[in-house]
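Next up, model.txt (compact mmCIF, C-alpha atoms):
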```txt
# COMPACT_ATOMS: atom_id res chain seq x y z
CA MET A 1 -25.50 -1.15 48.07
CA THR A 2 -25.70 1.15 45.03
CA ASP A 3 -26.85 4.71 45.63
CA THR A 4 -29.53 5.16 42.96
CA THR A 5 -29.94 8.85 43.80
CA ALA A 6 -26.34 9.74 42.94
CA PRO A 7 -25.92 11.88 39.77
CA ILE A 8 -24.93 9.99 36.63
CA GLN A 9 -21.26 10.51 35.91
CA SER A 10 -20.03 10.70 32.31
CA LYS A 11 -17.63 7.85 31.68
CA GLN A 12 -14.86 7.58 29.10
CA ILE A 13 -14.47 4.37 27.16
CA GLY A 14 -10.74 3.65 27.10
CA LYS A 15 -7.90 5.98 27.82
CA TYR A 16 -7.38 7.93 24.58
CA HIS A 17 -8.35 11.58 24.26
CA VAL A 18 -8.67 12.97 20.73
CA GLU A 19 -8.38 16.55 19.50
CA VAL A 20 -8.77 18.06 16.02
CA ILE A 21 -6.28 20.72 14.90
CA ARG A 22 -8.68 22.88 12.88
CA ASP A 23 -6.00 24.61 10.82
CA LYS A 24 -4.72 21.28 9.55
CA CYS A 25 -8.11 19.72 8.70
CA ILE A 26 -8.93 19.72 4.97
CA GLY A 27 -12.38 18.16 5.37
CA ALA A 28 -11.53 14.75 3.94
CA ALA A 29 -13.95 13.29 6.52
CA SER A 30 -12.08 10.01 6.93
CA CYS A 31 -12.28 10.36 10.74
CA ALA A 32 -16.05 10.81 10.66
CA ALA A 33 -16.38 7.77 8.40
CA ILE A 34 -14.30 5.54 10.68
CA ALA A 35 -15.44 6.84 14.07
CA PRO A 36 -18.81 8.56 13.50
CA LYS A 37 -19.68 8.58 17.20
CA VAL A 38 -16.55 10.57 18.01
CA PHE A 39 -16.11 12.89 14.99
CA GLU A 40 -18.47 14.84 12.76
CA MET A 41 -18.01 17.50 10.11
CA ASP A 42 -19.16 21.00 11.10
CA GLU A 43 -20.90 23.60 8.92
CA GLU A 44 -17.51 24.61 7.45
CA ASN A 45 -16.75 20.96 6.67
CA ILE A 46 -14.05 20.84 9.34
CA ALA A 47 -13.94 17.84 11.69
CA ARG A 48 -14.92 18.31 15.31
CA VAL A 49 -15.09 15.99 18.31
CA ILE A 50 -18.62 15.26 19.48
CA SER A 51 -17.74 12.70 22.15
CA GLN A 52 -14.67 11.07 23.66
CA ASP A 53 -16.74 8.03 24.58
CA GLY A 54 -18.43 6.92 21.40
CA GLU A 55 -15.81 4.47 20.13
CA ASP A 56 -13.04 2.32 21.60
CA ASP A 57 -9.38 3.37 21.63
CA ASP A 58 -8.40 1.31 18.59
CA THR A 59 -11.10 2.95 16.47
CA LYS A 60 -10.16 6.44 17.65
CA LEU A 61 -6.50 5.76 16.85
CA LEU A 62 -7.41 4.33 13.42
CA ALA A 63 -9.44 7.45 12.65
CA ALA A 64 -6.44 9.61 13.56
CA GLN A 65 -4.02 7.48 11.53
CA SER A 66 -6.28 7.66 8.47
CA CYS A 67 -6.31 11.46 8.46
CA PRO A 68 -4.31 12.51 5.37
CA THR A 69 -2.99 15.66 7.08
CA ALA A 70 -2.41 14.25 10.59
CA ALA A 71 -4.89 16.78 11.96
CA ILE A 72 -5.98 14.58 14.87
CA VAL A 73 -3.89 14.36 18.03
CA VAL A 74 -4.40 11.34 20.28
CA THR A 75 -3.23 11.53 23.89
CA ASP A 76 -3.09 8.74 26.44
CA THR A 77 -4.88 10.20 29.47
CA THR A 78 -3.23 7.75 31.85
CA THR A 79 0.31 8.82 30.95
CA GLY A 80 -0.25 12.24 29.39
CA LYS A 81 1.81 11.14 26.39
CA GLN A 82 0.91 11.88 22.78
CA VAL A 83 0.14 8.62 20.98
CA TRP A 84 -0.54 10.06 17.49
CA PRO A 85 1.09 11.58 15.53
CA PRO A 86 4.20 10.00 17.08
CA GLU A 87 6.45 12.62 18.61
CA VAL A 88 9.94 12.66 17.13
CA MET B 89 -22.62 5.02 1.65
CA ILE B 90 -20.95 1.82 2.86
CA PRO B 91 -18.94 2.44 6.06
CA PRO B 92 -15.20 1.70 5.76
CA LYS B 93 -13.84 -1.53 7.14
CA ARG B 94 -10.40 -3.01 7.66
CA ALA B 95 -9.48 -5.51 4.97
CA LYS B 96 -6.48 -7.19 3.40
CA ALA B 97 -5.33 -7.36 -0.20
CA LYS B 98 -2.24 -8.69 -1.93
CA LEU B 99 -0.16 -7.15 -4.66
CA THR B 100 -0.71 -9.05 -7.90
CA ASN B 101 0.66 -6.77 -10.58
CA LYS B 102 2.72 -3.65 -11.05
CA LEU B 103 2.61 -1.95 -14.42
CA VAL B 104 5.15 0.79 -15.05
CA LEU B 105 3.26 3.22 -17.28
CA ASN B 106 6.24 5.55 -17.67
CA GLU B 107 9.10 6.96 -15.60
CA LYS B 108 6.64 8.76 -13.29
CA TYR B 109 3.45 6.71 -13.01
CA VAL B 110 2.91 3.10 -11.94
CA LEU B 111 -0.35 1.14 -11.85
CA PHE B 112 -0.60 -1.18 -8.83
CA ASP B 113 -3.04 -4.08 -8.90
CA PHE B 114 -4.27 -5.60 -5.63
CA GLU B 115 -6.44 -8.71 -5.19
CA MET B 116 -8.78 -8.73 -2.18
CA THR B 117 -7.95 -11.54 0.25
CA GLU B 118 -9.90 -10.81 3.42
CA PRO B 119 -12.76 -10.41 2.61
CA HIS B 120 -12.61 -11.39 -1.04
CA LEU B 121 -14.84 -8.57 -2.29
CA LEU B 122 -14.67 -4.79 -1.99
CA GLU B 123 -17.90 -2.87 -2.59
CA PHE B 124 -17.22 0.77 -3.42
CA GLN B 125 -18.51 3.70 -5.43
CA ALA B 126 -16.57 5.23 -8.30
CA GLY B 127 -14.39 8.02 -6.90
CA GLN B 128 -13.72 6.44 -3.51
CA TYR B 129 -10.30 5.55 -2.17
CA VAL B 130 -8.47 3.03 -0.02
CA SER B 131 -6.36 4.00 2.97
CA ILE B 132 -3.27 1.79 3.09
CA GLN B 133 -1.17 1.22 6.18
CA VAL B 134 2.32 2.11 5.01
CA SER B 135 4.40 1.72 8.17
CA PRO B 136 4.54 -0.65 11.14
CA ARG B 137 3.67 2.21 13.51
CA GLY B 138 0.37 2.79 11.68
CA ASP B 139 0.87 5.62 9.19
CA ARG B 140 -1.73 5.49 6.42
CA ARG B 141 -1.90 7.05 2.96
CA PRO B 142 -4.97 7.47 0.73
CA TYR B 143 -5.04 6.25 -2.90
CA SER B 144 -8.00 6.60 -5.26
CA ILE B 145 -9.31 3.42 -6.82
CA CYS B 146 -9.10 3.67 -10.60
CA ASN B 147 -11.01 0.57 -11.77
CA ALA B 148 -14.79 0.41 -12.18
CA PRO B 149 -16.82 -0.66 -9.11
CA SER B 150 -18.24 -3.59 -11.11
CA ILE B 151 -14.83 -5.25 -10.71
CA ASN B 152 -15.04 -5.82 -6.98
CA HIS B 153 -12.57 -8.64 -6.33
CA LYS B 154 -9.61 -6.31 -6.76
CA PHE B 155 -8.61 -2.68 -6.94
CA GLU B 156 -6.14 -0.73 -9.05
CA LEU B 157 -4.19 2.32 -7.92
CA LEU B 158 -2.39 4.87 -10.08
CA VAL B 159 0.61 6.15 -8.16
CA ASP B 160 2.89 9.08 -8.93
CA MET B 161 6.30 7.69 -7.97
CA GLU B 162 8.12 11.02 -8.12
CA PRO B 163 7.56 12.29 -4.58
CA MET B 164 9.28 9.31 -2.89
CA GLY B 165 7.57 9.78 0.46
CA LEU B 166 6.47 7.22 3.01
CA GLY B 167 3.58 5.84 0.95
CA VAL B 168 5.40 5.57 -2.37
CA SER B 169 8.49 4.02 -0.72
CA TYR B 170 6.26 1.41 0.91
CA LEU B 171 4.45 0.55 -2.32
CA ASP B 172 7.70 0.54 -4.29
CA GLN B 173 9.28 -2.14 -2.09
CA LEU B 174 6.17 -4.38 -1.93
CA ALA B 175 6.78 -7.91 -3.22
CA PHE B 176 4.26 -9.72 -5.41
CA GLY B 177 1.85 -11.62 -3.18
CA GLN B 178 2.62 -9.46 -0.17
CA GLU B 179 -0.46 -8.41 1.79
CA VAL B 180 -1.38 -4.85 2.68
CA ASP B 181 -3.73 -3.66 5.42
CA ILE B 182 -6.40 -1.36 4.02
CA LEU B 183 -9.38 0.66 5.20
CA ALA B 184 -12.04 0.86 2.51
CA PRO B 185 -14.16 2.16 0.95
CA MET B 186 -13.26 5.70 1.96
CA GLY B 187 -14.26 9.13 0.74
CA VAL B 188 -17.23 11.11 -0.48
CA PHE B 189 -15.86 12.24 -3.85
CA THR B 190 -18.53 10.38 -5.79
CA LEU B 191 -20.91 11.27 -8.60
CA SER B 192 -23.84 13.54 -7.76
CA ASP B 193 -27.46 12.92 -8.47
CA LYS B 194 -27.94 12.60 -12.23
CA ALA B 195 -30.91 14.93 -12.46
CA ASP B 196 -28.89 17.94 -11.25
CA GLU B 197 -26.03 17.65 -13.70
CA GLN B 198 -26.87 17.37 -17.38
CA ALA B 199 -23.23 17.03 -18.45
CA LEU B 200 -20.01 16.14 -16.66
CA VAL B 201 -16.63 17.84 -16.89
CA PHE B 202 -13.70 16.07 -15.22
CA VAL B 203 -10.50 18.05 -14.64
CA ALA B 204 -7.35 16.34 -13.37
CA THR B 205 -3.66 16.94 -13.03
CA GLY B 206 -1.34 13.94 -12.86
CA SER B 207 -2.54 10.98 -10.82
CA GLY B 208 -5.70 12.97 -10.05
CA ALA B 209 -7.05 11.21 -13.16
CA ALA B 210 -7.37 7.99 -11.15
CA PRO B 211 -10.90 8.44 -9.73
CA PHE B 212 -12.12 9.73 -13.10
CA ARG B 213 -11.13 6.52 -14.86
CA SER B 214 -13.30 4.65 -12.36
CA MET B 215 -16.19 7.08 -12.83
CA LEU B 216 -15.98 7.10 -16.64
CA LEU B 217 -15.77 3.32 -16.98
CA GLU B 218 -18.76 3.02 -14.67
CA LEU B 219 -20.82 5.70 -16.42
CA LEU B 220 -20.00 4.81 -20.03
CA GLN B 221 -19.57 1.04 -20.04
CA ASN B 222 -21.80 -0.09 -17.19
CA GLN B 223 -24.53 2.52 -16.86
CA HIS B 224 -24.61 3.45 -20.58
CA ASP B 225 -24.97 7.08 -19.50
CA THR B 226 -25.44 9.28 -22.57
CA ARG B 227 -24.74 12.65 -20.97
CA GLU B 228 -21.90 14.64 -22.50
CA MET B 229 -18.66 13.94 -20.59
CA ILE B 230 -15.37 15.76 -21.04
CA LEU B 231 -12.09 14.75 -19.44
CA TYR B 232 -9.13 17.12 -19.12
CA VAL B 233 -5.85 15.69 -17.86
CA GLY B 234 -2.96 18.08 -17.23
CA LEU B 235 0.60 16.73 -17.32
CA ARG B 236 4.03 18.34 -17.47
CA HIS B 237 5.51 16.42 -20.42
CA GLU B 238 4.19 14.28 -23.27
CA HIS B 239 6.16 11.30 -22.03
CA TYR B 240 4.24 11.42 -18.74
CA MET B 241 1.06 10.47 -20.62
CA PHE B 242 -0.82 7.37 -19.45
CA TRP B 243 -4.08 5.68 -20.47
CA GLN B 244 -4.02 7.64 -23.74
CA ASP B 245 -4.93 4.55 -25.79
CA GLU B 246 -7.66 3.57 -23.35
CA PHE B 247 -9.26 7.01 -23.30
CA THR B 248 -8.95 7.25 -27.09
CA GLU B 249 -10.79 3.93 -27.41
CA LEU B 250 -13.53 5.29 -25.14
CA VAL B 251 -13.79 8.39 -27.36
CA GLU B 252 -14.22 6.13 -30.41
CA ALA B 253 -16.76 3.88 -28.68
CA PHE B 254 -18.83 6.59 -26.99
CA PRO B 255 -19.65 9.72 -29.00
CA ASN B 256 -20.70 11.56 -25.81
CA PHE B 257 -17.16 11.32 -24.39
CA HIS B 258 -14.34 13.75 -25.18
CA PHE B 259 -10.75 13.65 -23.98
CA HIS B 260 -8.28 16.54 -23.79
CA PRO B 261 -4.74 15.85 -22.59
CA VAL B 262 -3.06 19.15 -21.74
CA ILE B 263 0.74 19.38 -21.59
CA SER B 264 2.27 22.31 -19.70
CA LYS B 265 5.83 21.90 -21.02
CA ALA B 266 4.99 20.52 -24.41
CA SER B 267 7.45 20.09 -27.24
CA ASP B 268 6.88 21.90 -30.52
CA GLN B 269 5.55 18.64 -31.98
CA TRP B 270 2.70 18.30 -29.47
CA PRO B 271 -0.44 18.88 -31.54
CA LEU B 272 -3.04 19.27 -28.79
CA CYS B 273 -3.68 21.59 -25.82
CA LYS B 274 -0.58 23.24 -24.32
CA GLY B 275 -0.20 25.16 -21.07
CA ARG B 276 -2.22 24.99 -17.89
CA VAL B 277 -5.25 22.75 -17.78
CA THR B 278 -7.18 25.62 -16.18
CA ASP B 279 -6.70 27.76 -19.30
CA CYS B 280 -7.83 24.94 -21.54
CA VAL B 281 -11.03 24.41 -19.51
CA SER B 282 -11.64 28.15 -19.52
CA LEU B 283 -11.11 28.62 -23.26
CA HIS B 284 -13.37 25.76 -24.34
CA GLN B 285 -17.12 26.24 -24.50
CA GLN B 286 -18.43 24.05 -21.67
CA PRO B 287 -21.87 22.39 -21.74
CA GLU B 288 -24.83 23.95 -19.94
CA ASN B 289 -25.71 22.78 -16.43
CA ALA B 290 -22.60 20.66 -16.12
CA GLY B 291 -21.22 19.18 -12.96
CA TYR B 292 -17.48 19.75 -12.55
CA TYR B 293 -15.24 17.20 -10.83
CA LEU B 294 -11.72 18.33 -9.92
CA CYS B 295 -8.86 16.18 -8.69
CA GLY B 296 -5.15 16.88 -8.56
CA SER B 297 -2.94 19.68 -7.35
CA GLN B 298 -4.38 22.12 -4.85
CA SER B 299 -3.43 25.08 -7.04
CA MET B 300 -5.29 23.64 -10.04
CA ILE B 301 -8.38 22.99 -7.92
CA GLU B 302 -8.34 26.54 -6.55
CA GLN B 303 -7.78 28.07 -10.00
CA VAL B 304 -10.51 26.05 -11.71
CA ALA B 305 -12.99 26.56 -8.86
CA THR B 306 -12.35 30.34 -8.96
CA MET B 307 -12.68 30.44 -12.74
CA LEU B 308 -15.95 28.48 -12.63
CA ALA B 309 -17.35 30.75 -9.91
CA GLN B 310 -16.51 33.78 -12.09
CA LYS B 311 -18.38 32.15 -14.96
CA GLY B 312 -21.44 31.72 -12.74
CA VAL B 313 -21.25 27.96 -12.15
CA PRO B 314 -22.98 27.27 -8.82
CA ALA B 315 -20.72 25.93 -6.08
CA THR B 316 -23.03 22.93 -5.70
CA HIS B 317 -21.95 21.83 -9.19
CA VAL B 318 -18.23 21.88 -8.37
CA HIS B 319 -16.81 18.84 -6.56
CA HIS B 320 -13.25 18.08 -5.64
CA GLU B 321 -11.21 15.41 -3.93
CA LYS B 322 -9.60 16.87 -0.85
CA PHE B 323 -6.59 14.74 -0.07
CA PHE B 324 -4.46 15.33 -3.18
```
Could you show the structure in this file as structure tokens?
Amino acid sequence: MTDTTAPIQSKQIGKYHVEVIRDKCIGAASCAAIAPKVFEMDEENIARVISQDGEDDDTKLLAAQSCPTAAIVVTDTTTGKQVWPPEV
Amino acid sequence: MIPPKRAKAKLTNKLVLNEKYVLFDFEMTEPHLLEFQAGQYVSIQVSPRGDRRPYSICNAPSINHKFELLVDMEPMGLGVSYLDQLAFGQEVDILAPMGVFTLSDKADEQALVFVATGSGAAPFRSMLLELLQNQHDTREMILYVGLRHEHYMFWQDEFTELVEAFPNFHFHPVISKASDQWPLCKGRVTDCVSLHQQPENAGYYLCGSQSMIEQVATMLAQKGVPATHVHHEKFF
């Protein structure tokens, strides 16, 4: 039986964790256009993450791949490995 | 603004404009139409692992079954190498329309000054064709295009025809390493923009090298042009 009194846990859709490298971001806003529930532009027109859960993994990865300066790092939380940009 | 979507297009033409610049022509295949605003770009997947590169669309938005890209072939990086080896009919995976470098509200800007270096002229061709030919916009419009050599010139005939057809449009090619025979503006495009008397309450659109954008933006700020009237594309 489900415990309806238990606190609501935040859940992550998929396994990818995204992070913006502020120094690399030029404010092109491609990430916010592709994944608007994950990225937004702040008051300095630099991208920031507003949620890890707003979009699926493919969309988060696409947003990172579309960044012209590779300012978004995608990590697979199940393996700890960096998915994007590919490590050489 | 229309949110970007994944789409496919095939290469239909490749026009070598000179030793440095090539015009690529893509026909939309899936879906068959691309709605976009003048100044926006497409993000093309240029490697199997997913790398993408942005390219400004240089045709008018009224032509929505295809898109044209002006590409500087000199820095033979990942994107240029990919485009260079594309075969006619080969499909590319794109994300489009992308970008917010579009024209501002008309009421705020009583004239328009476009400043480009190199392939930074691409979005301005789209904007000018849209404004002049489709919207019949009568505001004064001035285009500056900075290039290193005369033989790097492109679209000179097309822009000259626009000058002849639309008295409100003016075109200034600026050559930084010009020969003695070059009769027009020489030196940095920034100096040319600075020396010319610019129209009142103009909106300035900058696209090209980062140094040009910084120099022109600084010069305009010193002349008292409000920052809200200075727009630039960020990915060049």
Legend entry - Residue list for chain A near chain B as a ChimeraX atom specification, 8 Å, all atoms listed in the file: /A:26-30,33-34,65-68
Inset, instruction - Excluding Asn101 (chain B) and residues on its chain fewer than 3 positions from it, collect all residues at most 7 Å away from it, counting only C-alpha atoms, and give them as a ChimeraX atom specification. - result: /B:112-113,176
Compile the contact shell of Ser267 (chain B) as a PDB file with C-alpha atoms, in the frame of the given file: residues with an atom at most 12 Å away, counting all atoms listed in the file, same-chain residues fewer than 4 positions apart removed.
```pdb
ATOM      1  CA  ARG B 236       4.030  18.340 -17.470  1.00  0.00           C
ATOM      2  CA  HIS B 237       5.510  16.420 -20.420  1.00  0.00           C
ATOM      3  CA  GLU B 238       4.190  14.280 -23.270  1.00  0.00           C
ATOM      4  CA  HIS B 239       6.160  11.300 -22.030  1.00  0.00           C
ATOM      5  CA  VAL B 262      -3.060  19.150 -21.740  1.00  0.00           C
ATOM      6  CA  ILE B 263       0.740  19.380 -21.590  1.00  0.00           C
ATOM      7  CA  PRO B 271      -0.440  18.880 -31.540  1.00  0.00           C
ATOM      8  CA  LEU B 272      -3.040  19.270 -28.790  1.00  0.00           C
ATOM      9  CA  CYS B 273      -3.680  21.590 -25.820  1.00  0.00           C
ATOM     10  CA  LYS B 274      -0.580  23.240 -24.320  1.00  0.00           C
ATOM     11  CA  GLY B 275      -0.200  25.160 -21.070  1.00  0.00           C
TER      12      GLY B 275
END
```
Legend entry - Pick from A:Val88, A:Ile72, A:Val18, A:Ala32 nearest to Asp53 (chain A), counting all atoms listed in the file: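 Of A:Val88, A:Ile72, A:Val18, A:Ala32, the one nearest Asp53 (chain A), counting all atoms listed in the file, is A:Val18.
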Inset, instruction - Could you give me, as a list in words, the residues within 6 Å of region 190-207 of chain B, counting all atoms listed in the file and dropping anything in the same chain fewer than 2 positions from it? - result: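 Near region 190-207 of chain B, the qualifying residues are Gly127, Val188, Ala209, Ala210, Arg227, Glu228, Met229, Ile230, Leu231, Tyr232, Val233, Gly234, Leu235, Asn289, Ala290, Gly291, Tyr292, Tyr293, Leu294, Cys295 and Gly296 of chain B.
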Inset, instruction - Please measure the separation of CA of Trp270 (chain B) and CA of Pro211 (chain B), giving the value in Å to one decimal. - result: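 Here the two named atoms are 25.9 Å from each other.
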Legend entry - Among listed residues B:Asp279, B:Asp160, B:Tyr240, B:His224, nearest Ala253 (chain B) (using all atoms listed in the file):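 Ranking B:Asp279, B:Asp160, B:Tyr240, B:His224 by distance to Ala253 (chain B), first place goes to B:His224.
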Legend entry - Nearest residue to Gly14 (chain A) from the set A:Lys81, A:Lys60, A:Arg48, A:Lys37 (distances using all atoms listed in the file):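 Among the listed residues, A:Lys60 lies closest to Gly14 (chain A).
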Legend entry - Between CA of Phe124 (chain B) and CA of Ser150 (chain B) - distance in Å to one decimal: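 Interatomic distance, CA of Ser150 (chain B) to CA of Phe124 (chain B): 8.9 Å.
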Atom completion result for region 203-234 of chain B (N, CA and C atoms) as a short mmCIF file (atom, residue, chain, number, x, y, z; two decimals), in the frame of the given file:
```
data_model
loop_
_atom_site.label_atom_id
_atom_site.label_comp_id
_atom_site.auth_asym_id
_atom_site.auth_seq_id
_atom_site.Cartn_x
_atom_site.Cartn_y
_atom_site.Cartn_z
N VAL B 203 -11.77 17.34 -14.46
CA VAL B 203 -10.50 18.05 -14.64
C VAL B 203 -9.48 17.47 -13.66
N ALA B 204 -8.37 16.97 -14.21
CA ALA B 204 -7.35 16.34 -13.37
C ALA B 204 -5.98 16.89 -13.71
N THR B 205 -5.10 16.85 -12.73
CA THR B 205 -3.66 16.94 -13.03
C THR B 205 -3.02 15.66 -12.50
N GLY B 206 -2.10 15.11 -13.28
CA GLY B 206 -1.34 13.94 -12.86
C GLY B 206 -2.21 12.76 -12.44
N SER B 207 -1.82 12.17 -11.29
CA SER B 207 -2.54 10.98 -10.82
C SER B 207 -3.95 11.30 -10.34
N GLY B 208 -4.31 12.57 -10.34
CA GLY B 208 -5.70 12.97 -10.05
C GLY B 208 -6.67 12.39 -11.06
N ALA B 209 -6.17 11.85 -12.16
CA ALA B 209 -7.05 11.21 -13.16
C ALA B 209 -7.60 9.87 -12.66
N ALA B 210 -7.01 9.34 -11.60
CA ALA B 210 -7.37 7.99 -11.15
C ALA B 210 -8.87 7.81 -10.86
N PRO B 211 -9.47 8.65 -10.01
CA PRO B 211 -10.90 8.44 -9.73
C PRO B 211 -11.79 8.64 -10.96
N PHE B 212 -11.31 9.47 -11.91
CA PHE B 212 -12.12 9.73 -13.10
C PHE B 212 -12.17 8.53 -14.04
N ARG B 213 -11.09 7.75 -14.05
CA ARG B 213 -11.13 6.52 -14.86
C ARG B 213 -12.22 5.60 -14.31
N SER B 214 -12.27 5.48 -12.98
CA SER B 214 -13.30 4.65 -12.36
C SER B 214 -14.69 5.18 -12.70
N MET B 215 -14.88 6.48 -12.57
CA MET B 215 -16.19 7.08 -12.83
C MET B 215 -16.60 6.91 -14.30
N LEU B 216 -15.64 7.16 -15.21
CA LEU B 216 -15.98 7.10 -16.64
C LEU B 216 -16.28 5.67 -17.09
N LEU B 217 -15.49 4.72 -16.61
CA LEU B 217 -15.77 3.32 -16.98
C LEU B 217 -17.14 2.91 -16.46
N GLU B 218 -17.46 3.34 -15.25
CA GLU B 218 -18.76 3.02 -14.67
C GLU B 218 -19.89 3.68 -15.46
N LEU B 219 -19.74 4.96 -15.74
CA LEU B 219 -20.82 5.70 -16.42
C LEU B 219 -21.01 5.22 -17.86
N LEU B 220 -19.90 5.10 -18.59
CA LEU B 220 -20.00 4.81 -20.03
C LEU B 220 -20.28 3.33 -20.30
N GLN B 221 -19.46 2.47 -19.70
CA GLN B 221 -19.57 1.04 -20.04
C GLN B 221 -20.66 0.32 -19.27
N ASN B 222 -20.85 0.67 -18.01
CA ASN B 222 -21.80 -0.09 -17.19
C ASN B 222 -23.18 0.54 -17.13
N GLN B 223 -23.22 1.87 -16.97
CA GLN B 223 -24.53 2.52 -16.86
C GLN B 223 -25.06 3.01 -18.20
N HIS B 224 -24.22 2.98 -19.24
CA HIS B 224 -24.61 3.45 -20.58
C HIS B 224 -25.18 4.87 -20.51
N ASP B 225 -24.54 5.69 -19.71
CA ASP B 225 -24.97 7.08 -19.50
C ASP B 225 -24.65 7.87 -20.77
N THR B 226 -25.63 8.58 -21.29
CA THR B 226 -25.44 9.28 -22.57
C THR B 226 -25.19 10.79 -22.40
N ARG B 227 -25.04 11.23 -21.17
CA ARG B 227 -24.74 12.65 -20.97
C ARG B 227 -23.37 12.98 -21.57
N GLU B 228 -23.20 14.22 -21.98
CA GLU B 228 -21.90 14.64 -22.50
C GLU B 228 -20.87 14.60 -21.36
N MET B 229 -19.72 14.02 -21.61
CA MET B 229 -18.66 13.94 -20.59
C MET B 229 -17.34 14.37 -21.22
N ILE B 230 -16.65 15.25 -20.52
CA ILE B 230 -15.37 15.76 -21.04
C ILE B 230 -14.31 15.54 -19.97
N LEU B 231 -13.19 14.98 -20.38
CA LEU B 231 -12.09 14.75 -19.44
C LEU B 231 -10.88 15.57 -19.86
N TYR B 232 -10.38 16.39 -18.94
CA TYR B 232 -9.13 17.12 -19.12
C TYR B 232 -8.09 16.52 -18.18
N VAL B 233 -6.93 16.19 -18.72
CA VAL B 233 -5.85 15.69 -17.86
C VAL B 233 -4.60 16.54 -18.12
N GLY B 234 -4.15 17.24 -17.10
CA GLY B 234 -2.96 18.08 -17.23
C GLY B 234 -1.72 17.34 -16.77
#
```
